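Chemist: Have a peek at start03.txt (compact mmCIF, C-alpha atoms and all ligand atoms).
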# COMPACT_ATOMS: atom_id res chain seq x y z
CA MET A 19 8.40 44.13 -71.02
CA THR A 20 9.08 47.60 -72.39
CA THR A 21 6.10 49.64 -71.21
CA THR A 22 4.41 50.33 -67.89
CA ARG A 23 1.46 48.06 -67.26
CA LEU A 24 -1.40 48.01 -64.80
CA PHE A 25 -2.18 44.85 -62.84
CA CYS A 26 -5.58 44.81 -61.20
CA THR A 27 -7.66 42.26 -59.38
CA THR A 28 -10.58 42.03 -56.98
CA PRO A 29 -9.57 44.02 -53.90
CA ARG A 30 -11.15 41.77 -51.23
CA ILE A 31 -10.96 37.99 -51.52
CA GLN A 32 -12.33 35.77 -48.74
CA PHE A 33 -11.32 32.15 -49.24
CA GLY A 34 -11.28 28.93 -47.32
CA PRO A 35 -13.73 26.53 -45.64
CA ARG A 36 -17.08 28.19 -44.80
CA ALA A 37 -16.02 31.45 -46.47
CA LEU A 38 -19.67 31.96 -47.46
CA GLU A 39 -20.34 32.99 -43.85
CA HIS A 40 -18.63 36.30 -44.71
CA VAL A 41 -21.25 37.26 -47.30
CA GLY A 42 -23.39 39.25 -44.84
CA ARG A 43 -20.49 41.32 -43.57
CA GLU A 44 -19.14 41.94 -47.08
CA ALA A 45 -22.58 42.99 -48.37
CA ALA A 46 -23.30 45.24 -45.37
CA ARG A 47 -20.08 47.16 -46.13
CA LEU A 48 -21.41 47.92 -49.61
CA GLY A 49 -25.19 48.39 -49.43
CA LYS A 50 -28.58 47.76 -47.85
CA THR A 51 -30.48 45.77 -50.51
CA ALA A 52 -28.86 42.99 -52.52
CA LEU A 53 -29.96 41.52 -55.83
CA ILE A 54 -28.90 37.85 -55.69
CA VAL A 55 -28.06 36.84 -59.26
CA THR A 56 -28.05 33.08 -59.71
CA GLY A 57 -28.91 30.21 -62.05
CA ARG A 58 -32.34 28.69 -62.57
CA SER A 59 -32.08 25.62 -60.38
CA SER A 60 -28.88 24.40 -58.72
CA SER A 61 -28.52 27.06 -56.00
CA THR A 62 -32.19 26.54 -55.10
CA LYS A 63 -31.84 22.74 -55.07
CA ASN A 64 -28.60 22.62 -53.07
CA GLY A 65 -29.79 25.23 -50.58
CA SER A 66 -27.01 27.77 -51.21
CA LEU A 67 -29.48 30.47 -52.31
CA GLU A 68 -31.51 30.16 -49.11
CA ARG A 69 -28.33 30.08 -47.02
CA THR A 70 -27.05 33.24 -48.70
CA ARG A 71 -30.40 35.00 -48.10
CA ALA A 72 -30.30 34.02 -44.42
CA LEU A 73 -26.72 35.23 -44.00
CA LEU A 74 -27.59 38.55 -45.67
CA ALA A 75 -30.69 38.94 -43.48
CA ALA A 76 -28.64 38.28 -40.34
CA ALA A 77 -26.37 41.16 -41.36
CA GLY A 78 -29.34 43.47 -41.96
CA VAL A 79 -29.18 43.31 -45.77
CA ALA A 80 -32.47 42.75 -47.63
CA ALA A 81 -32.30 40.32 -50.56
CA VAL A 82 -34.12 40.15 -53.88
CA PRO A 83 -33.45 36.88 -55.73
CA PHE A 84 -33.04 36.87 -59.50
CA ALA A 85 -32.78 33.13 -60.19
CA ARG A 86 -33.16 33.44 -63.97
CA VAL A 87 -29.65 33.18 -65.40
CA GLU A 88 -29.22 30.53 -68.09
CA SER A 89 -25.84 29.17 -69.13
CA ASP A 90 -24.22 31.63 -71.52
CA PRO A 91 -26.47 34.50 -70.38
CA SER A 92 -28.37 36.41 -73.05
CA LEU A 93 -28.68 40.17 -73.37
CA ASP A 94 -32.41 39.88 -72.53
CA THR A 95 -31.67 38.13 -69.22
CA VAL A 96 -29.22 40.86 -68.21
CA THR A 97 -31.70 43.58 -69.18
CA GLU A 98 -34.42 41.85 -67.13
CA GLY A 99 -32.09 41.61 -64.12
CA ALA A 100 -31.21 45.30 -64.38
CA GLY A 101 -34.92 46.13 -64.44
CA LEU A 102 -35.57 44.09 -61.29
CA SER A 103 -32.60 45.72 -59.55
CA LYS A 104 -33.91 49.20 -60.36
CA GLU A 105 -37.47 48.38 -59.24
CA ASN A 106 -36.17 47.26 -55.85
CA ASN A 107 -33.50 49.95 -55.42
CA CYS A 108 -30.78 47.32 -55.04
CA ASP A 109 -27.44 48.91 -54.21
CA VAL A 110 -25.28 45.76 -54.21
CA LEU A 111 -25.31 42.62 -56.40
CA VAL A 112 -24.44 39.17 -55.06
CA ALA A 113 -23.56 36.69 -57.83
CA LEU A 114 -23.92 33.07 -56.74
CA GLY A 115 -23.04 30.47 -59.36
CA GLY A 116 -20.65 29.70 -62.19
CA GLY A 117 -19.28 32.08 -64.79
CA SER A 118 -22.74 32.67 -66.24
CA ALA A 119 -24.22 34.02 -62.99
CA MET A 120 -21.13 36.10 -62.24
CA ASP A 121 -20.90 37.54 -65.76
CA ALA A 122 -24.62 38.33 -65.71
CA ALA A 123 -24.24 40.21 -62.41
CA LYS A 124 -21.26 42.17 -63.73
CA ALA A 125 -23.21 43.06 -66.88
CA ILE A 126 -26.32 44.06 -64.86
CA SER A 127 -24.15 46.40 -62.81
CA CYS A 128 -22.66 47.82 -66.01
CA LEU A 129 -26.08 48.36 -67.60
CA LEU A 130 -27.34 50.17 -64.49
CA ALA A 131 -24.59 52.79 -64.84
CA ASN A 132 -24.22 53.10 -68.61
CA PRO A 133 -26.84 53.93 -71.23
CA GLY A 134 -27.75 50.76 -73.15
CA PRO A 135 -28.54 48.79 -75.10
CA LEU A 136 -25.94 46.27 -73.99
CA ALA A 137 -24.79 45.52 -77.53
CA SER A 138 -23.64 49.14 -77.86
CA LEU A 139 -21.33 48.81 -74.84
CA GLU A 140 -18.93 46.30 -76.43
CA GLY A 141 -15.56 47.88 -77.09
CA VAL A 142 -16.45 51.01 -75.10
CA THR A 143 -13.60 52.28 -72.96
CA GLY A 144 -14.28 54.19 -69.75
CA LEU A 145 -17.48 52.35 -68.77
CA LYS A 146 -18.95 54.00 -65.65
CA GLN A 147 -19.01 52.14 -62.33
CA GLY A 148 -22.31 50.46 -61.43
CA PRO A 149 -23.37 48.98 -58.08
CA PRO A 150 -20.67 46.80 -56.49
CA VAL A 151 -20.68 43.05 -57.17
CA ILE A 152 -19.82 40.33 -54.67
CA ALA A 153 -18.92 37.23 -56.69
CA ILE A 154 -19.29 33.75 -55.18
CA PRO A 155 -18.18 30.99 -57.57
CA THR A 156 -19.79 27.55 -57.30
CA THR A 157 -17.74 26.04 -60.14
CA ALA A 158 -13.96 26.00 -60.49
CA GLY A 159 -13.25 27.38 -63.92
CA THR A 160 -14.02 30.83 -65.19
CA GLY A 161 -12.25 32.93 -62.58
CA SER A 162 -14.91 35.57 -63.26
CA GLU A 163 -14.82 36.62 -59.60
CA VAL A 164 -11.42 38.24 -60.26
CA THR A 165 -11.69 39.38 -63.88
CA ARG A 166 -12.65 42.63 -65.58
CA VAL A 167 -14.59 40.85 -68.30
CA ALA A 168 -18.20 39.71 -68.76
CA VAL A 169 -19.09 37.39 -71.64
CA LEU A 170 -22.69 37.44 -72.89
CA THR A 171 -24.45 35.74 -75.77
CA ASP A 172 -26.14 37.87 -78.39
CA THR A 173 -28.60 35.20 -79.50
CA ALA A 174 -29.95 37.24 -82.44
CA ARG A 175 -26.48 37.67 -83.97
CA LYS A 176 -25.16 34.27 -82.74
CA TYR A 177 -22.24 36.16 -81.30
CA LYS A 178 -20.30 36.23 -78.01
CA LEU A 179 -20.27 39.78 -76.76
CA LEU A 180 -17.54 40.94 -74.37
CA LEU A 181 -17.80 43.81 -71.90
CA VAL A 182 -14.35 44.77 -70.68
CA GLY A 183 -13.17 47.37 -68.20
CA GLU A 184 -11.89 47.93 -64.69
CA THR A 185 -15.41 48.85 -63.58
CA LEU A 186 -16.47 45.24 -64.35
CA MET A 187 -14.14 43.98 -61.59
CA PRO A 188 -16.10 42.65 -58.60
CA ALA A 189 -15.71 44.56 -55.33
CA ALA A 190 -15.31 41.30 -53.40
CA ALA A 191 -14.99 37.58 -54.03
CA ILE A 192 -15.89 34.74 -51.71
CA LEU A 193 -14.33 31.35 -52.46
CA ASP A 194 -15.79 28.54 -50.41
CA PRO A 195 -14.71 25.06 -51.62
CA GLU A 196 -17.79 23.43 -50.11
CA LEU A 197 -19.94 25.28 -52.66
CA THR A 198 -18.19 23.39 -55.47
CA ALA A 199 -18.83 19.97 -53.91
CA SER A 200 -22.12 19.49 -55.75
CA MET A 201 -20.58 20.24 -59.15
CA PRO A 202 -21.16 17.19 -61.43
CA PRO A 203 -17.99 15.49 -62.79
CA LYS A 204 -18.59 16.64 -66.38
CA VAL A 205 -18.93 20.25 -65.25
CA ALA A 206 -15.83 19.91 -63.04
CA ALA A 207 -13.88 18.54 -66.03
CA ALA A 208 -14.99 21.21 -68.48
CA THR A 209 -14.60 24.15 -66.10
CA GLY A 210 -11.24 22.83 -64.90
CA MET A 211 -9.95 22.63 -68.47
CA ASP A 212 -11.24 26.18 -69.03
CA ALA A 213 -9.15 27.32 -66.07
CA LEU A 214 -6.10 25.47 -67.39
CA THR A 215 -6.65 27.17 -70.75
CA HIS A 216 -6.75 30.58 -69.02
CA ALA A 217 -3.46 29.90 -67.27
CA ILE A 218 -1.67 28.57 -70.37
CA GLU A 219 -2.97 31.28 -72.69
CA ALA A 220 -1.99 33.98 -70.18
CA TYR A 221 1.49 32.45 -69.81
CA VAL A 222 2.22 32.43 -73.56
CA SER A 223 0.35 35.70 -74.31
CA LYS A 224 2.15 38.65 -75.89
CA LEU A 225 0.81 40.65 -72.92
CA ALA A 226 2.30 38.37 -70.22
CA THR A 227 4.13 40.09 -67.36
CA PRO A 228 6.18 38.78 -64.43
CA LEU A 229 3.10 39.17 -62.21
CA SER A 230 0.79 37.23 -64.51
CA ASP A 231 3.49 34.59 -65.12
CA THR A 232 3.77 33.75 -61.41
CA LEU A 233 0.02 33.26 -61.10
CA ALA A 234 -0.30 31.36 -64.38
CA LEU A 235 2.48 28.88 -63.57
CA ALA A 236 1.15 28.24 -60.07
CA ALA A 237 -2.29 27.58 -61.56
CA ILE A 238 -0.95 25.20 -64.25
CA GLU A 239 0.94 23.21 -61.64
CA THR A 240 -2.01 22.94 -59.24
CA ILE A 241 -4.55 22.11 -61.94
CA GLY A 242 -2.25 19.50 -63.49
CA ALA A 243 -1.89 17.81 -60.10
CA ASN A 244 -5.54 18.00 -58.97
CA LEU A 245 -7.99 18.17 -61.87
CA ALA A 246 -8.35 14.43 -62.55
CA MET A 247 -8.83 13.73 -58.82
CA ALA A 248 -11.35 16.57 -58.40
CA VAL A 249 -13.38 15.07 -61.27
CA ALA A 250 -13.10 11.40 -60.25
CA ALA A 251 -13.75 11.96 -56.54
CA PRO A 252 -16.20 14.86 -56.05
CA ASP A 253 -16.10 14.40 -52.28
CA ASN A 254 -12.34 14.97 -52.22
CA LEU A 255 -12.61 18.47 -50.79
CA HIS A 256 -8.84 18.91 -50.80
CA ALA A 257 -8.70 18.51 -54.60
CA ARG A 258 -11.80 20.66 -55.12
CA ALA A 259 -10.32 23.42 -52.91
CA ALA A 260 -7.03 23.27 -54.82
CA MET A 261 -8.94 23.65 -58.08
CA LEU A 262 -10.98 26.57 -56.75
CA TYR A 263 -7.90 28.55 -55.72
CA ALA A 264 -5.98 27.65 -58.89
CA GLN A 265 -8.80 28.76 -61.19
CA MET A 266 -8.80 32.08 -59.32
CA GLN A 267 -5.06 32.48 -59.96
CA ALA A 268 -5.66 31.63 -63.62
CA GLY A 269 -8.40 34.29 -63.67
CA GLN A 270 -6.07 36.89 -62.20
CA ALA A 271 -3.44 35.98 -64.80
CA PHE A 272 -5.65 36.14 -67.89
CA SER A 273 -7.63 39.18 -66.75
CA ASN A 274 -4.34 41.07 -66.98
CA ALA A 275 -2.48 39.18 -69.74
CA SER A 276 -5.44 38.11 -71.92
CA VAL A 277 -6.44 34.77 -73.37
CA GLY A 278 -5.45 33.70 -76.88
CA LEU A 279 -6.31 31.54 -79.86
CA VAL A 280 -8.15 28.78 -77.95
CA HIS A 281 -10.72 31.32 -76.76
CA ALA A 282 -10.88 33.00 -80.17
CA MET A 283 -11.76 29.60 -81.66
CA SER A 284 -14.13 28.39 -78.94
CA ARG A 285 -16.35 31.52 -79.06
CA PRO A 286 -17.89 30.74 -82.50
CA MET A 287 -18.45 27.14 -81.36
CA GLY A 288 -20.41 28.40 -78.35
CA ALA A 289 -22.27 31.22 -80.07
CA ARG A 290 -23.31 29.22 -83.18
CA TYR A 291 -23.78 25.70 -81.80
CA GLY A 292 -24.14 26.12 -78.03
CA VAL A 293 -20.99 24.11 -77.27
CA PRO A 294 -20.21 24.58 -73.54
CA HIS A 295 -17.26 26.94 -73.18
CA GLY A 296 -15.04 24.62 -71.14
CA ALA A 297 -15.71 21.59 -73.34
CA ALA A 298 -14.80 23.58 -76.46
CA ASN A 299 -11.60 24.86 -74.87
CA ALA A 300 -10.63 21.40 -73.64
CA MET A 301 -10.93 20.04 -77.17
CA LEU A 302 -8.91 22.85 -78.71
CA LEU A 303 -6.18 23.32 -76.08
CA PRO A 304 -3.75 20.50 -77.05
CA HIS A 305 -4.04 21.37 -80.76
CA VAL A 306 -3.54 25.11 -80.30
CA THR A 307 -0.64 24.42 -77.92
CA ALA A 308 1.07 22.34 -80.63
CA TYR A 309 0.42 25.13 -83.16
CA ASN A 310 1.84 27.83 -80.82
CA ARG A 311 4.91 25.82 -79.79
CA PRO A 312 7.40 27.17 -82.37
CA ALA A 313 6.67 30.76 -81.26
CA CYS A 314 7.60 30.20 -77.61
CA PRO A 315 9.46 26.89 -77.11
CA GLN A 316 11.04 27.85 -73.76
CA ARG A 317 7.65 28.70 -72.29
CA MET A 318 6.16 25.48 -73.66
CA ALA A 319 8.94 23.48 -72.00
CA ARG A 320 8.21 25.30 -68.72
CA ILE A 321 4.50 24.43 -69.06
CA ALA A 322 5.45 20.78 -69.60
CA VAL A 323 7.44 20.81 -66.36
CA ALA A 324 4.56 22.49 -64.49
CA LEU A 325 2.31 19.67 -65.76
CA GLY A 326 4.69 17.16 -64.22
CA ARG A 327 6.68 16.05 -67.29
CA CYS A 328 10.36 15.23 -66.90
CA ILE A 329 12.36 16.97 -69.65
CA ASP A 330 15.84 15.99 -68.43
CA GLY A 331 18.18 15.22 -71.32
CA MET A 332 15.80 16.57 -73.98
CA ASP A 333 16.71 19.33 -76.40
CA LEU A 334 14.42 22.38 -76.48
CA GLY A 335 12.41 21.09 -79.43
CA GLU A 336 11.59 17.81 -77.76
CA ALA A 337 11.03 19.39 -74.33
CA SER A 338 8.64 21.97 -75.74
CA ARG A 339 6.59 19.27 -77.50
CA GLN A 340 5.87 17.68 -74.10
CA ALA A 341 3.35 20.44 -73.25
CA ALA A 342 0.84 19.42 -75.93
CA ILE A 343 1.47 15.72 -75.17
CA ALA A 344 0.77 16.24 -71.46
CA LEU A 345 -2.44 18.15 -72.28
CA THR A 346 -3.64 15.41 -74.64
CA GLU A 347 -3.07 12.81 -71.92
CA LEU A 348 -4.83 14.89 -69.28
CA ALA A 349 -7.86 15.56 -71.50
CA ALA A 350 -8.09 11.83 -72.32
CA GLU A 351 -8.60 11.06 -68.61
CA LEU A 352 -11.63 13.34 -68.37
CA PRO A 353 -15.30 12.81 -69.30
CA LEU A 354 -15.29 15.32 -72.16
CA PRO A 355 -16.33 15.33 -75.84
CA ARG A 356 -13.45 14.69 -78.24
CA THR A 357 -14.59 15.70 -81.73
CA LEU A 358 -16.61 18.42 -83.41
CA GLY A 359 -19.12 15.70 -84.29
CA ASP A 360 -19.54 14.94 -80.55
CA VAL A 361 -20.67 18.52 -79.96
CA GLY A 362 -22.73 18.99 -83.13
CA VAL A 363 -20.46 21.35 -85.08
CA PRO A 364 -20.73 20.64 -88.85
CA THR A 365 -17.55 20.79 -90.94
CA GLY A 366 -19.33 22.93 -93.56
CA ASP A 367 -19.17 25.98 -91.27
CA LEU A 368 -15.49 25.73 -90.32
CA ALA A 369 -14.10 28.21 -92.88
CA ASP A 370 -16.55 30.87 -91.74
CA MET A 371 -15.87 30.17 -88.06
CA ALA A 372 -12.14 30.39 -88.78
CA ARG A 373 -12.56 33.84 -90.35
CA GLU A 374 -14.45 35.02 -87.26
CA ALA A 375 -11.80 33.59 -84.92
CA ALA A 376 -8.97 35.23 -86.89
CA GLU A 377 -10.60 38.64 -86.43
CA ASN A 378 -11.13 38.14 -82.70
CA GLY A 379 -8.96 40.31 -80.44
CA SER A 380 -7.66 37.26 -78.58
CA SER A 381 -5.96 36.06 -81.78
CA ARG A 382 -3.94 39.29 -81.92
CA VAL A 383 -2.19 38.64 -78.60
CA ASN A 384 -1.66 34.94 -79.29
CA PRO A 385 2.07 34.17 -79.47
CA ARG A 386 1.67 33.15 -83.10
CA ARG A 387 -0.62 35.24 -85.32
CA PRO A 388 -2.80 32.74 -87.18
CA SER A 389 -4.28 33.11 -90.66
CA PRO A 390 -7.91 32.04 -91.24
CA GLU A 391 -6.55 29.04 -93.22
CA GLU A 392 -4.35 27.92 -90.30
CA ILE A 393 -7.30 28.22 -87.91
CA ALA A 394 -9.50 26.22 -90.27
CA SER A 395 -6.88 23.50 -90.39
CA ILE A 396 -6.82 23.33 -86.55
CA TYR A 397 -10.63 22.99 -86.57
CA HIS A 398 -10.30 20.17 -89.13
CA GLU A 399 -7.92 18.31 -86.78
CA LEU A 400 -10.94 17.99 -84.45
CA ALA A 401 -13.37 16.80 -87.14
FE FE B 501 -12.57 30.75 -70.62
So that I can check it, write out the structure of this file as structure tokens.
Modeler:
Amino acid sequence: MTTTRLFCTTPRIQFGPRALEHVGREAARLGKTALIVTGRSSSTKNGSLERTRALLAAAGVAAVPFARVESDPSLDTVTEGAGLSKENNCDVLVALGGGSAMDAAKAISCLLANPGPLASLEGVTGLKQGPPVIAIPTTAGTGSEVTRVAVLTDTARKYKLLLVGETLMPAAAILDPELTASMPPKVAAATGMDALTHAIEAYVSKLATPLSDTLALAAIETIGANLAMAVAAPDNLHARAAMLYAQMQAGQAFSNASVGLVHAMSRPMGARYGVPHGAANAMLLPHVTAYNRPACPQRMARIAVALGRCIDGMDLGEASRQAAIALTELAAELPLPRTLGDVGVPTGDLADMAREAAENGSSRVNPRRPSPEEIASIYHELA
């Protein structure tokens, strides 16, 4: 590392069993009226929305629910949420859900403080601070509760739009493992592989630092040891808690060190064909890891060890190959799609998707700078 770097994360993180009980106190520190940003059904069905409202009310904070967020939130949904927040003079946002709900809340806050439309805010530096966000994840994957990024879907352009800036960072995060207990196995598998992708991409990124490395390695180790169990036995709260904390560490790592080629390649899959983010990453991760290996063999060998592989007696080439092998074996244990055909991506579009991925900023910090042809050939490995 040759230049000074800033490391930032969410300043207040409540975590542990029944952490949700802190939501009232955290919200009362920040405002009087909360917009609760959540998905369309699960928080209503499992009672977490009502519980959050009651906890806010007990702390003297009024609540306005906005239970309209779809997966991969659209610009229209965010604009609608910002309108509702303004109408009700909300001064704090409580995001309850997976990455989609949290990213929507962060984007609503951003839109309330910066002149829109949202599409014009991509790439803008110095975004003004909107109302504070309290992020409460109910999946274990995106780490959005500790990142300075919000990912939205521009449905008209079939494009993933990124808002980035320190003002996107939530003011507080609440990590309660019991909230992830109702996550279906397929969601647990996909979101868990997303978190593993965050940790690995941060660890091999050109922007990695000693701080991000520590978090990334801890996350890789914990996810490698717990993901299959968290998926196979949803009532194993120990494994689900381990996954929840590890995905947060992975979020802290990549929010500061960036993601890489896997994310650059999964974004066109999501934007054009609606492939769930975690499932796309899970499919790509072993292949991109094998492609990146020659650029950072020591780090790949370290990843292999963190995933539980024994590399004793191996030379660096063989040891570094164990990372992609371990990832292939882990993905094979999980209920996830395996091929582009499984997720409805036609091979005819791969060259165009590869061009888009090559231009993505995440490709620039990948340890190996890929050409569009190399990216297309990785896509074809999945056909
Ligand atoms: Fe991701």
Chemist: Identify, on the basis of all atoms listed in the file, every residue whose closest approach to A:Thr97 does not exceed 12 Å; exclude the query and any residue fewer than 3 positions from it along the same chain; express the result as number ranges by chain.
Modeler: A: 84, 86-87, 91-94, 100-104, 122-130, 133-137, 170
Chemist: If we count only C-alpha atoms, what is near A:Arg166 at a cut-off of 12 Å, once residues fewer than 2 positions away on the same chain are taken out, given as a count of residues only?
Modeler: 37
Chemist: Kindly provide, as a list of chain:residue names, all nucleotide and amino acid residues lying within 7 Å of ligand FE 501 (chain B), counting all atoms listed in the file.
Modeler: A:Thr160, A:Asp212, A:Ala213, A:Thr215, A:His216, A:His281, A:His295, A:Gly296
Chemist: For a test of reading the model, state the distance in Å between atom CA of A:Ser61 and atom CA of A:Asn106, rounded to one decimal.
Modeler: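 Here the two named atoms are 21.6 Å from each other.
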Chemist: Assuming 6 Å of padding per side, give the centre and edge lengths of the axis-aligned box around every listed atom of stretch 208-219 of chain A, in Å to one decimal and as lines of an AutoDock Vina configuration file.
Modeler:
center_x = -8.3
center_y = 26.2
center_z = -68.8
size_x = 25.3
size_y = 22.1
size_z = 19.8
Chemist: Would you please work out which residue, of A:Thr21, A:Thr171, A:Ser395, A:Thr156, is nearest to A:Arg258 when using only C-alpha atoms?
Modeler: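 Nearest candidate to A:Arg258 out of A:Thr21, A:Thr171, A:Ser395, A:Thr156: A:Thr156.
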Chemist: Go through A:Ile238, A:Ala45, A:Leu400, A:Met211 one by one, measure the shortest atom-to-atom distance of each to A:Pro149 using all atoms listed in the file, and give the residue with the smallest value.
Modeler: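 Of A:Ile238, A:Ala45, A:Leu400, A:Met211, the one nearest A:Pro149, counting all atoms listed in the file, is A:Ala45.
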Chemist: Could you check the closest approach to A:Pro202 for each of A:Ile154, A:Arg285, A:Ser60, A:Ala119 and tell me which residue wins, using all atoms listed in the file?
Modeler: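 Among the listed residues, A:Ser60 lies closest to A:Pro202.
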Chemist: Rounded to one decimal in Å, what is the spacing between atom CA of A:Arg43 and atom CA of A:Ala268?
Modeler: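 Atom CA of A:Ala268 lies at a distance of 26.8 Å from atom CA of A:Arg43.
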Chemist: Would you mind reading off the distance between atom CA of A:Asn132 and atom CA of A:Gly116, one decimal, in Å?
Modeler: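 So the answer is 24.5 Å.
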Chemist: Counting only C-alpha atoms, find residues at most 9 Å from (-29.8, 24.7, -65.1) (file frame) and give them as a VMD selection string.
Modeler: chain A and resid 57 to 60 87 to 89
Chemist: Could you save the residues just selected, with C-alpha atoms, as a compact mmCIF listing (two decimals), in the frame of the given file?
Modeler:
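Result file result.txt:
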# COMPACT_ATOMS: atom_id res chain seq x y z
CA GLY A 57 -28.91 30.21 -62.05
CA ARG A 58 -32.34 28.69 -62.57
CA SER A 59 -32.08 25.62 -60.38
CA SER A 60 -28.88 24.40 -58.72
CA VAL A 87 -29.65 33.18 -65.40
CA GLU A 88 -29.22 30.53 -68.09
CA SER A 89 -25.84 29.17 -69.13
Chemist: I'd like the contact shell of stretch 376-382 of chain A - 6 Å cut-off, all atoms listed in the file, skipping same-chain residues fewer than 5 positions apart - returned as a list in words.
Modeler: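 Returned residues: Val277, Gly278, Leu279, Ala282 and Pro390 of chain A.
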Chemist: Any chance you could export the current selection's C-alpha atoms as a PDB file, in the frame of the given file?
Modeler:
ATOM      1  CA  VAL A 277      -6.440  34.770 -73.370  1.00  0.00           C
ATOM      2  CA  GLY A 278      -5.450  33.700 -76.880  1.00  0.00           C
ATOM      3  CA  LEU A 279      -6.310  31.540 -79.860  1.00  0.00           C
ATOM      4  CA  ALA A 282     -10.880  33.000 -80.170  1.00  0.00           C
ATOM      5  CA  PRO A 390      -7.910  32.040 -91.240  1.00  0.00           C
TER       6      PRO A 390
END
Chemist: Check the smallest atom-to-atom distance from each of A:Gly326, A:Pro353, A:Pro35, A:Gly99 to A:Thr198 using all atoms listed in the file, then report the winner.
Modeler: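 That would be A:Pro35, the residue with the smallest distance to A:Thr198.
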